[in-house]
Amino acid sequence: MNAEQTASEDKIVTTVCNSHCGGICDFKVHVRDGKIIRIEAVPEEDGRPGMCLRGHAYRQRVYSPDRLLHPLKRTGPRGSGEFARISWDEALETVAGEMQRIKAAYGNASMLHFCSMCDPHVLHHVLAFHSLLCGFGGYTAPWGYISCEGNAFAEGVTFGKSSRIGYTPHKPDEYQEARLIVMWGWNPATTEMGSGVSLSLARAREKGARIVAVDPRYTDSAAAFASQWIPIRPGTDAAAMLAMAYVIIDENLQDRHFIDEHTHGFDKFKEYVLGREDGVAKTPRWAEPITGVQAETLADLAREYAREKPALLGSSFGPGRSAYGEQYHRMAAALETITGNLRLDRYAPKPKDFRFLPPFPFQPNPVEKEAPLRWNAIPSRGPSVNSSARVNVSSFANAILEGKAGGYPADYKFLWLSNTNYLNQLGNINKAVKAFKKLEFILVTEQFMTATAKFADIVLPVCTFLERCDLMPPLNVFSSKRRNFTVLSKAIEPLGESRSQLAICQALAVKLGISGYPDQSDEELVRQMVAMVSANEKLKTEGTPKKEPAASTKPQLRTPSGKIELSSGIAEKMNHPDIPAVPKYIETWESLNDPLAAAYPLQLISPHFKRRAHSQFDNLPWLRELQPQAVSINSRDAEARGITEEDMVRVFNDRGEVRIPARVTERIMPGVVALPQGAWYTPDENGIDHGGSANVLTRSITSPGGALPSHTALVQVERV
Amino acid sequence: MQLGLYIDQNRCMGCFACIVACKDWHDVPAGPASWIRLKIMEKGAYPDLLVAFLPTACWHCESPECVSVCPAEAIAKRDEDGIVTVDRDVCLGRDDCGACLEACPYDAPQFGAEENAKMQKCDLCVDRWAQAKKPVCVSSCPVQALDAGPMDELRAKYGDVREAEGFTCLAPLAPSVRFKPKENAASLDLRRIDVFPRSG
């Protein structure tokens with residue numbers, strides 16, 4: 001569509017990468033003779049590029065010798081990776097036949113469909129599948145953001161709405177004004193590469209802001225930006241924050257005016273913090289043995305955070321991916337609130353984002369129609385996500401294995417995973433393997449033979465986003481460039497016999513006899529959407545104008561009181577000890593006080609890795625040579641185990657074992673080991689994983705508010 | 001005129017974008033050759049740490065050793081911009097010669113995995129200057145830690161600091177690079193240095 005010719009006759013195609021990393025970067029794709037020869041960033045006005053190492057390596061992804069280019073059917077046992085090439089027609093006939101058989105035998109609720117956030121644009125994403133499956137009578141969808149359900153819950157009960165679609169709620173100017181920035185479990189140098197956050201941090205530091213990192217690891221962000229590192233024990237962030245709240249309240253450093261004006265329930269919160277509710281004052285001395293942070297350090301940080309205005313608390317989603325991770329996010333919100341550091345304009349009404357465009361207007365899922373709300377529903381997540389017919393992502397292996405007998409809404413027989421390496425990315429892989437083996441039919445639509453795809457009965461090859469057209473909706477993320485719709489142009493034709501997600505849904509709609517499913521090409525549908533947007537919203541979708549809508553800054557809180565709730569009416573109504581009305585520290589399962597710690601004395605965390613976006617990009621040679629997959633272990637823990645750098649070690653617990661080289665480092669707290677998430681599970685005949693997939697060791701369980709507790713797992717490490 | 005690089009070591013966060021951008025732009029496959037590499041220096045002991053990053057390429061020395069030792073005259077220094085280039089058709093190869101590799105104290109000459117690989121290295125994106133673009137490492141840096149330009153302009157803009165954590169200026173060569181070195185790095189002992197890509 002908007003292609004330009006360069007002097008050398010190369011075609012340059014503009015499109016938008018959205019690889020589920022928080023970046024959402026514009027690509028200039030150089031094409032010669034129908035082949036991509038390089039990919040260039042599109043610099044913003046201030047010269048900031050919006051591309052990371054993965055974006056620069058995308059050409060290797062497109063032309064990887066591992067790309068799936070033909071439909072496959074399984075010929076060996078599930079997980080063996082033995083497949084034979086078949087025709088599209090045979091593949092679609094098989095899938096449609098199985099779908100009809102299973103629907104007739106067990107009903108639509110027995111059919112699970114999960115879609116990842118890989119390349120989430122408008123046409124080739126969840127709505128295409130949702131629309132198809134609703135036309136088929138419905139399906140069981142998951143609920144729970146893997147990344148940030150803890151935050152969604154906390155914001156839902158505290159503010160009645162969520163401010164975060166992107167990773168940081170702060171705007172660029174907030175960094176420039178800040179005198180103190182606390183990076184709490186937050187490593188934007190690795191996790192927010194395309195967003196410009198790191199540049200903002202660098203500039204803030206140069207303007208004199210003091211930056212403190214609170215993290216079990218001395219991350220690259222800590223190395224680049226922080227002047228102080230406070231190592232903290234995983235899962236204890238809420239305790240450290242409570243101790244900070246204690247100092248603030250005890251020393252009368254709170255912002256009385258802000259509290260009076262904007263909050264509800266401060267007195268109840270204060271009763272808990274001071275120990276009048278349960279007899280335990282949440283002092284820094286109380287928190288020290290829990291968190292591993294010296295009391296004085298916590299007290300000093302509390303005073304600094306309360307006094308230095310403005311102070312910015314960068315509370316990352318990472319610590320929230322723990323047991324009771326909701327409480328950490330609630331405490332972060334409470335600290336921002338009682339010090340008056342909270343920017344209320346974060347909760348002002350936002351310009352609507354127009355994701356429900358034709359050809360996929362909103363459509364309710366028939367399976368959810370009659371279902372009541374789940375017990376821990378929060379209004380901000382909406383009726384569909386709150387439906388008790390859904391399965392929380394972190395429990396999906398349990399749901400398949402246990403079904404109705406285990407209290408889940410249905411018995412599950414069919415699983416369709418779209419660009420979704422869920423076997424790899426959710427808790428307890430060995431349990432998930434059992435669950436996958438129990439299913440009657442598994443369909444995987446994918447670009448590569450992932451750990452998950454190996455379990456499929458039929459694998460359908462999906463093209464990359466450079467091989468199709470789509471539209472990127474405006475998004476309210478840190479990056480300022482997505483105020484308007486942006487057209488994604490096709491750079492090259494789909495490789496081999498691969499097809500777009502939409503084309504796959506269209507072909508299945510024909511086989512299943514679903515009427516009314518859009519049958520135009522993606523190019524034609526994009527044209528229609530552009531016309532509709534232009535006509536209705538008068539927004540330009542091609543070209544560069546960036547008009548800031550005149551937005552109201554008056555907050556709109558949807559809590560029962562209409563205020564920030566430090567004692568939550570929504571949580572109180574749930575009447576559950578693990579979802580208290582005020583934010584509390586609740587000790588996690590598998591903490592160091594757990595009897596399990598005798599056998600498994602190390603806390604495992606599975607942080608993000610620069611060369612992957614979750615499990616994507618793990619197979620690209622340009623990236624693999626930059627970061628070897630290894631388990632980071634503090635030199636003291638390594639020495640006690642006779643482990644030296646690059647020794648092969650076994651990381652294990654009752655759930656499984658990973659064999660991987662050790663990285664002996666000072667950059668992690670003693671007692672904690674880190675295995676970067678997303679490496680592809682590669683089991684040997686004994687089920688020992690040699691790929692280094694952290695989820696072999698994590699638990700398949702949901703935190704009470706829906707958080708996925710991937711950073712809550714005890715392990716042992718030994719030299720092989 | 002001499003073109004060169006500026007590196008703000010307090011901004012570099014070790015994100016590797018420059019390395020992969022360079023490989024994509026110049027079509028360098030994965031393997032031992034990497035025109036730009038990242039040095040990571042870990043100093044101190046838990047919990048008092050400092051980690052410094054340093055992208056390292058060819059510094060296009062004003063008096064390049066590689067040029068003087070090359071028996072085949074495959075390496076040349078361009079008059080117009082001081083960029084040191086290599087003619088791979090003329091290079092004798094690593095196994096048959098390897099003189100430049102021996103001579104360069106900065107490991108700038110790079111060789112692929114193939115037998116008697118011909119030398120390749122950073123050319124400061126000669127082709128991009130011709131299109132009025134800075135080198136791809138500079139334009140790919142998400143924190144603007146890198147800049148490139150005529151040395152007198154870089155000196156005027158950023159000062160004349162010639163050393164950084166992990167970099168020693170060998171004055172007789174006159175490497176064309178200036179720095180803002182990592183702050184507070186002097187007080188801690190160096191514990192380890194890693195260079196990525198590993199095979200590079």
# chains A, B, ... in the order shown; residues from 1 in each chain; ligands from 1
$ interface_residues --of "chain B" --to "chain A" --cutoff "10 Å" --atoms "only C-alpha atoms" --output "PyMOL selection string"
chain B and resi 9-32+37-38+42-53+136+138-145+182+184+191-192+195-200
$ residues_around --residues "Glu153 in chain B" --least-positions-apart "2" --cutoff "12 Å" --atoms "only C-alpha atoms" --output "NGL selection string"
:B and (1-6 or 147-151 or 155-160 or 177-178)
$ select_by_dssp --residues "range 36-246 of chain A" --states "alpha helix (DSSP H)" --output "ChimeraX atom specification"
/A:53-56,58-62,88-106,126-135,149-158,172-177,188-191,197-206,220-225,237-246
$ residues_around --residues "Ala117 in chain B" --least-positions-apart "5" --cutoff "8 Å" --atoms "only C-alpha atoms" --output "NGL selection string"
:B and (93-95 or 111-112)
$ closest_residue --among "A:Met183, A:Val391, A:Ala613, A:Val459" --to "His113 in chain A" --atoms "only C-alpha atoms"
A:Val391
$ select_by_dssp --residues "range 75-221 of chain A" --states "strand (DSSP E)" --output "list in words"
Phe83, Ala84, Arg85, Met111, Leu112, His113, Phe114, Cys115, Pro142, Trp143, Leu180, Ile181, Val182, Met183, Trp184, Arg210, Ile211, Val212, Ala213 and Val214 of chain A
$ closest_residue --among "B:Leu54, B:Leu124, B:Val67, B:Ile36" --to "Ala164 in chain B" --atoms "only C-alpha atoms"
B:Leu54
$ residues_around --residues "Gln528 in chain A" --least-positions-apart "4" --cutoff "10 Å" --atoms "only C-alpha atoms" --output "list in words"
Leu357, Pro358, Pro359, Asp522, Glu523, Glu524, Met532, Val533 and Ser534 of chain A
$ write_last_selection --atoms "C-alpha atoms" --output "mmCIF file, in the first residue's frame"
data_model
loop_
_atom_site.group_PDB
_atom_site.id
_atom_site.type_symbol
_atom_site.label_atom_id
_atom_site.label_comp_id
_atom_site.auth_asym_id
_atom_site.auth_seq_id
_atom_site.Cartn_x
_atom_site.Cartn_y
_atom_site.Cartn_z
ATOM 1 C CA LEU A 357 -14.259 -2.793 13.940
ATOM 2 C CA PRO A 358 -15.955 -4.621 11.148
ATOM 3 C CA PRO A 359 -15.557 -7.344 10.090
ATOM 4 C CA ASP A 522 -7.066 -8.904 4.291
ATOM 5 C CA GLU A 523 -6.061 -6.130 1.935
ATOM 6 C CA GLU A 524 -9.705 -5.480 1.034
ATOM 7 C CA MET A 532 -14.865 3.424 8.056
ATOM 8 C CA VAL A 533 -12.409 4.931 10.497
ATOM 9 C CA SER A 534 -11.776 7.907 8.253
#
$ residues_around --residues "Gln556 in chain A" --least-positions-apart "5" --cutoff "9 Å" --atoms "only C-alpha atoms" --output "JSON, numbers by chain"
{"A": [159, 160, 161, 344, 345, 347, 348, 349, 562, 563]}
$ write_last_selection --atoms "C-alpha atoms" --output "short mmCIF file (atom, residue, chain, number, x, y, z; two decimals), in the first residue's frame"
data_model
loop_
_atom_site.label_atom_id
_atom_site.label_comp_id
_atom_site.auth_asym_id
_atom_site.auth_seq_id
_atom_site.Cartn_x
_atom_site.Cartn_y
_atom_site.Cartn_z
CA PHE A 159 -9.41 2.44 41.57
CA GLY A 160 -12.24 0.54 39.89
CA LYS A 161 -10.37 0.62 36.57
CA LEU A 344 -4.73 11.02 39.30
CA ASP A 345 -4.82 11.97 35.62
CA TYR A 347 -7.46 7.53 35.79
CA ALA A 348 -8.98 10.24 33.63
CA PRO A 349 -11.24 8.99 30.81
CA GLY A 562 -15.98 6.77 43.85
CA LYS A 563 -12.63 7.31 45.56
#
$ atom_distance --atom1 "CA of Gly76 in chain A" --atom2 "CA of Leu512 in chain A"
27.3 Å
$ residues_around --residues "range 416-420 of chain A" --least-positions-apart "5" --cutoff "8 Å" --atoms "only C-alpha atoms" --output "list in words"
Met111, Leu112, His113, Phe114, Cys115, Ser116, Cys118, Ile442, Leu443, Val444, Thr445, Glu446, Gln447 and Thr452 of chain A
$ write_last_selection --atoms "C-alpha atoms" --output "JSON list (two decimals), in the first residue's frame"
[["chain", "number", "residue", "atom", "x", "y", "z"],
["A", 111, "MET", "CA", -13.55, -26.86, 23.33],
["A", 112, "LEU", "CA", -10.72, -24.66, 24.54],
["A", 113, "HIS", "CA", -9.19, -21.97, 22.40],
["A", 114, "PHE", "CA", -6.28, -19.84, 23.53],
["A", 115, "CYS", "CA", -4.68, -17.15, 21.40],
["A", 116, "SER", "CA", -1.42, -15.53, 22.36],
["A", 118, "CYS", "CA", 1.97, -12.75, 19.28],
["A", 442, "ILE", "CA", -5.18, -30.68, 19.56],
["A", 443, "LEU", "CA", -4.86, -28.12, 16.78],
["A", 444, "VAL", "CA", -1.89, -25.77, 16.77],
["A", 445, "THR", "CA", -1.51, -22.92, 14.31],
["A", 446, "GLU", "CA", 2.12, -21.83, 14.39],
["A", 447, "GLN", "CA", 5.21, -20.54, 12.64],
["A", 452, "THR", "CA", 3.62, -26.98, 22.22]]
$ closest_residue --among "A:Arg164, A:Lys434, A:Arg663, A:Arg719" --to "Arg641 in chain A" --atoms "only C-alpha atoms"
A:Arg719
$ residues_around --residues "His20 in chain A" --least-positions-apart "2" --cutoff "6 Å" --atoms "only C-alpha atoms" --output "compact mmCIF listing (two decimals) with N, CA and C atoms, in the first residue's frame"
# COMPACT_ATOMS: atom_id res chain seq x y z
N ASN A 18 4.56 -6.04 16.55
CA ASN A 18 3.92 -6.09 17.87
C ASN A 18 4.10 -7.49 18.40
N GLY A 22 5.76 -5.11 24.43
CA GLY A 22 5.55 -3.75 24.92
C GLY A 22 6.11 -2.69 24.00
N MET A 117 -0.61 -13.28 22.46
CA MET A 117 -0.50 -11.89 22.04
C MET A 117 0.63 -11.73 21.02
N CYS A 118 0.97 -12.83 20.36
CA CYS A 118 1.97 -12.75 19.28
C CYS A 118 1.32 -12.04 18.10
$ decode --residues "range 164-200 of chain A" --atoms "N, CA, C and O atoms" --output "PDB file, in the first residue's frame"
ATOM      1  N   ARG A 164      -3.266   0.715  33.092  1.00  0.00           N
ATOM      2  CA  ARG A 164      -2.118   0.205  32.357  1.00  0.00           C
ATOM      3  C   ARG A 164      -2.529  -0.738  31.248  1.00  0.00           C
ATOM      4  O   ARG A 164      -3.066  -1.809  31.496  1.00  0.00           O
ATOM      5  N   ILE A 165      -2.250  -0.341  30.023  1.00  0.00           N
ATOM      6  CA  ILE A 165      -2.279  -1.296  28.922  1.00  0.00           C
ATOM      7  C   ILE A 165      -0.826  -1.611  28.616  1.00  0.00           C
ATOM      8  O   ILE A 165      -0.419  -2.737  28.484  1.00  0.00           O
ATOM      9  N   GLY A 166      -0.017  -0.568  28.573  1.00  0.00           N
ATOM     10  CA  GLY A 166       1.427  -0.754  28.473  1.00  0.00           C
ATOM     11  C   GLY A 166       1.982  -1.078  29.849  1.00  0.00           C
ATOM     12  O   GLY A 166       1.238  -1.266  30.801  1.00  0.00           O
ATOM     13  N   TYR A 167       3.276  -1.090  29.940  1.00  0.00           N
ATOM     14  CA  TYR A 167       3.905  -1.609  31.143  1.00  0.00           C
ATOM     15  C   TYR A 167       4.055  -0.553  32.222  1.00  0.00           C
ATOM     16  O   TYR A 167       3.946  -0.819  33.387  1.00  0.00           O
ATOM     17  N   THR A 168       4.358   0.664  31.826  1.00  0.00           N
ATOM     18  CA  THR A 168       4.495   1.707  32.824  1.00  0.00           C
ATOM     19  C   THR A 168       3.341   2.679  32.679  1.00  0.00           C
ATOM     20  O   THR A 168       2.933   3.020  31.576  1.00  0.00           O
ATOM     21  N   PRO A 169       2.769   3.113  33.787  1.00  0.00           N
ATOM     22  CA  PRO A 169       1.672   4.074  33.682  1.00  0.00           C
ATOM     23  C   PRO A 169       2.183   5.504  33.554  1.00  0.00           C
ATOM     24  O   PRO A 169       1.409   6.423  33.372  1.00  0.00           O
ATOM     25  N   HIS A 170       3.488   5.698  33.647  1.00  0.00           N
ATOM     26  CA  HIS A 170       4.026   7.056  33.710  1.00  0.00           C
ATOM     27  C   HIS A 170       4.290   7.615  32.323  1.00  0.00           C
ATOM     28  O   HIS A 170       4.687   6.908  31.421  1.00  0.00           O
ATOM     29  N   LYS A 171       4.083   8.903  32.189  1.00  0.00           N
ATOM     30  CA  LYS A 171       4.320   9.571  30.916  1.00  0.00           C
ATOM     31  C   LYS A 171       5.751  10.117  30.901  1.00  0.00           C
ATOM     32  O   LYS A 171       6.326  10.353  31.970  1.00  0.00           O
ATOM     33  N   PRO A 172       6.294  10.356  29.692  1.00  0.00           N
ATOM     34  CA  PRO A 172       7.690  10.810  29.615  1.00  0.00           C
ATOM     35  C   PRO A 172       7.988  12.012  30.506  1.00  0.00           C
ATOM     36  O   PRO A 172       9.030  12.072  31.149  1.00  0.00           O
ATOM     37  N   ASP A 173       7.063  12.984  30.572  1.00  0.00           N
ATOM     38  CA  ASP A 173       7.359  14.188  31.367  1.00  0.00           C
ATOM     39  C   ASP A 173       7.455  13.879  32.857  1.00  0.00           C
ATOM     40  O   ASP A 173       8.143  14.563  33.600  1.00  0.00           O
ATOM     41  N   GLU A 174       6.778  12.820  33.296  1.00  0.00           N
ATOM     42  CA  GLU A 174       6.853  12.471  34.719  1.00  0.00           C
ATOM     43  C   GLU A 174       8.267  12.046  35.110  1.00  0.00           C
ATOM     44  O   GLU A 174       8.715  12.287  36.221  1.00  0.00           O
ATOM     45  N   TYR A 175       8.957  11.386  34.201  1.00  0.00           N
ATOM     46  CA  TYR A 175      10.341  10.982  34.488  1.00  0.00           C
ATOM     47  C   TYR A 175      11.226  12.218  34.590  1.00  0.00           C
ATOM     48  O   TYR A 175      12.095  12.300  35.436  1.00  0.00           O
ATOM     49  N   GLN A 176      10.983  13.168  33.701  1.00  0.00           N
ATOM     50  CA  GLN A 176      11.852  14.340  33.668  1.00  0.00           C
ATOM     51  C   GLN A 176      11.675  15.208  34.902  1.00  0.00           C
ATOM     52  O   GLN A 176      12.594  15.894  35.327  1.00  0.00           O
ATOM     53  N   GLU A 177      10.477  15.156  35.493  1.00  0.00           N
ATOM     54  CA  GLU A 177      10.226  15.970  36.687  1.00  0.00           C
ATOM     55  C   GLU A 177      10.666  15.261  37.959  1.00  0.00           C
ATOM     56  O   GLU A 177      10.899  15.899  38.982  1.00  0.00           O
ATOM     57  N   ALA A 178      10.766  13.931  37.917  1.00  0.00           N
ATOM     58  CA  ALA A 178      10.957  13.150  39.150  1.00  0.00           C
ATOM     59  C   ALA A 178      12.308  13.435  39.803  1.00  0.00           C
ATOM     60  O   ALA A 178      13.320  13.602  39.135  1.00  0.00           O
ATOM     61  N   ARG A 179      12.310  13.491  41.131  1.00  0.00           N
ATOM     62  CA  ARG A 179      13.572  13.639  41.868  1.00  0.00           C
ATOM     63  C   ARG A 179      14.049  12.289  42.378  1.00  0.00           C
ATOM     64  O   ARG A 179      15.232  12.089  42.625  1.00  0.00           O
ATOM     65  N   LEU A 180      13.093  11.380  42.573  1.00  0.00           N
ATOM     66  CA  LEU A 180      13.436  10.015  42.985  1.00  0.00           C
ATOM     67  C   LEU A 180      12.644   9.050  42.100  1.00  0.00           C
ATOM     68  O   LEU A 180      11.450   9.248  41.875  1.00  0.00           O
ATOM     69  N   ILE A 181      13.322   8.041  41.586  1.00  0.00           N
ATOM     70  CA  ILE A 181      12.634   7.003  40.817  1.00  0.00           C
ATOM     71  C   ILE A 181      12.987   5.667  41.448  1.00  0.00           C
ATOM     72  O   ILE A 181      14.168   5.348  41.611  1.00  0.00           O
ATOM     73  N   VAL A 182      11.966   4.928  41.854  1.00  0.00           N
ATOM     74  CA  VAL A 182      12.199   3.607  42.432  1.00  0.00           C
ATOM     75  C   VAL A 182      11.820   2.566  41.382  1.00  0.00           C
ATOM     76  O   VAL A 182      10.658   2.477  40.980  1.00  0.00           O
ATOM     77  N   MET A 183      12.801   1.814  40.932  1.00  0.00           N
ATOM     78  CA  MET A 183      12.527   0.741  39.960  1.00  0.00           C
ATOM     79  C   MET A 183      12.272  -0.519  40.782  1.00  0.00           C
ATOM     80  O   MET A 183      13.207  -1.189  41.207  1.00  0.00           O
ATOM     81  N   TRP A 184      10.997  -0.807  41.037  1.00  0.00           N
ATOM     82  CA  TRP A 184      10.667  -1.932  41.905  1.00  0.00           C
ATOM     83  C   TRP A 184      10.425  -3.188  41.048  1.00  0.00           C
ATOM     84  O   TRP A 184       9.393  -3.287  40.400  1.00  0.00           O
ATOM     85  N   GLY A 185      11.394  -4.078  41.062  1.00  0.00           N
ATOM     86  CA  GLY A 185      11.271  -5.289  40.245  1.00  0.00           C
ATOM     87  C   GLY A 185      11.173  -4.968  38.759  1.00  0.00           C
ATOM     88  O   GLY A 185      10.629  -5.752  37.987  1.00  0.00           O
ATOM     89  N   TRP A 186      11.685  -3.828  38.386  1.00  0.00           N
ATOM     90  CA  TRP A 186      11.408  -3.280  37.053  1.00  0.00           C
ATOM     91  C   TRP A 186      12.710  -3.136  36.283  1.00  0.00           C
ATOM     92  O   TRP A 186      13.639  -2.490  36.743  1.00  0.00           O
ATOM     93  N   ASN A 187      12.757  -3.734  35.104  1.00  0.00           N
ATOM     94  CA  ASN A 187      13.982  -3.810  34.325  1.00  0.00           C
ATOM     95  C   ASN A 187      13.698  -3.407  32.878  1.00  0.00           C
ATOM     96  O   ASN A 187      13.770  -4.222  31.959  1.00  0.00           O
ATOM     97  N   PRO A 188      13.343  -2.139  32.664  1.00  0.00           N
ATOM     98  CA  PRO A 188      12.927  -1.741  31.311  1.00  0.00           C
ATOM     99  C   PRO A 188      14.019  -1.903  30.261  1.00  0.00           C
ATOM    100  O   PRO A 188      13.709  -2.039  29.080  1.00  0.00           O
ATOM    101  N   ALA A 189      15.285  -1.909  30.685  1.00  0.00           N
ATOM    102  CA  ALA A 189      16.368  -2.108  29.714  1.00  0.00           C
ATOM    103  C   ALA A 189      16.186  -3.440  28.990  1.00  0.00           C
ATOM    104  O   ALA A 189      16.658  -3.619  27.875  1.00  0.00           O
ATOM    105  N   THR A 190      15.486  -4.373  29.628  1.00  0.00           N
ATOM    106  CA  THR A 190      15.257  -5.678  29.035  1.00  0.00           C
ATOM    107  C   THR A 190      13.818  -5.852  28.569  1.00  0.00           C
ATOM    108  O   THR A 190      13.565  -6.479  27.550  1.00  0.00           O
ATOM    109  N   THR A 191      12.872  -5.282  29.306  1.00  0.00           N
ATOM    110  CA  THR A 191      11.478  -5.634  29.048  1.00  0.00           C
ATOM    111  C   THR A 191      10.714  -4.602  28.239  1.00  0.00           C
ATOM    112  O   THR A 191       9.606  -4.879  27.795  1.00  0.00           O
ATOM    113  N   GLU A 192      11.257  -3.396  28.084  1.00  0.00           N
ATOM    114  CA  GLU A 192      10.496  -2.367  27.358  1.00  0.00           C
ATOM    115  C   GLU A 192      11.386  -1.693  26.337  1.00  0.00           C
ATOM    116  O   GLU A 192      11.546  -0.486  26.315  1.00  0.00           O
ATOM    117  N   MET A 193      11.956  -2.510  25.465  1.00  0.00           N
ATOM    118  CA  MET A 193      13.014  -1.986  24.617  1.00  0.00           C
ATOM    119  C   MET A 193      12.566  -0.938  23.610  1.00  0.00           C
ATOM    120  O   MET A 193      13.273   0.024  23.372  1.00  0.00           O
ATOM    121  N   GLY A 194      11.426  -1.130  23.018  1.00  0.00           N
ATOM    122  CA  GLY A 194      11.015  -0.195  21.968  1.00  0.00           C
ATOM    123  C   GLY A 194      10.267   1.017  22.476  1.00  0.00           C
ATOM    124  O   GLY A 194       9.846   1.850  21.705  1.00  0.00           O
ATOM    125  N   SER A 195      10.082   1.112  23.778  1.00  0.00           N
ATOM    126  CA  SER A 195       9.107   2.082  24.281  1.00  0.00           C
ATOM    127  C   SER A 195       9.680   3.440  24.628  1.00  0.00           C
ATOM    128  O   SER A 195       8.945   4.374  24.874  1.00  0.00           O
ATOM    129  N   GLY A 196      10.980   3.582  24.709  1.00  0.00           N
ATOM    130  CA  GLY A 196      11.539   4.891  25.059  1.00  0.00           C
ATOM    131  C   GLY A 196      11.646   5.123  26.552  1.00  0.00           C
ATOM    132  O   GLY A 196      12.096   6.180  26.985  1.00  0.00           O
ATOM    133  N   VAL A 197      11.222   4.165  27.365  1.00  0.00           N
ATOM    134  CA  VAL A 197      11.305   4.327  28.816  1.00  0.00           C
ATOM    135  C   VAL A 197      12.764   4.457  29.251  1.00  0.00           C
ATOM    136  O   VAL A 197      13.102   5.297  30.081  1.00  0.00           O
ATOM    137  N   SER A 198      13.631   3.646  28.672  1.00  0.00           N
ATOM    138  CA  SER A 198      15.028   3.678  29.088  1.00  0.00           C
ATOM    139  C   SER A 198      15.664   5.035  28.776  1.00  0.00           C
ATOM    140  O   SER A 198      16.446   5.546  29.579  1.00  0.00           O
ATOM    141  N   LEU A 199      15.322   5.593  27.638  1.00  0.00           N
ATOM    142  CA  LEU A 199      15.853   6.915  27.305  1.00  0.00           C
ATOM    143  C   LEU A 199      15.361   7.948  28.318  1.00  0.00           C
ATOM    144  O   LEU A 199      16.116   8.814  28.769  1.00  0.00           O
ATOM    145  N   SER A 200      14.099   7.815  28.727  1.00  0.00           N
ATOM    146  CA  SER A 200      13.558   8.719  29.744  1.00  0.00           C
ATOM    147  C   SER A 200      14.295   8.556  31.066  1.00  0.00           C
ATOM    148  O   SER A 200      14.571   9.531  31.758  1.00  0.00           O
TER     149      SER A 200
END
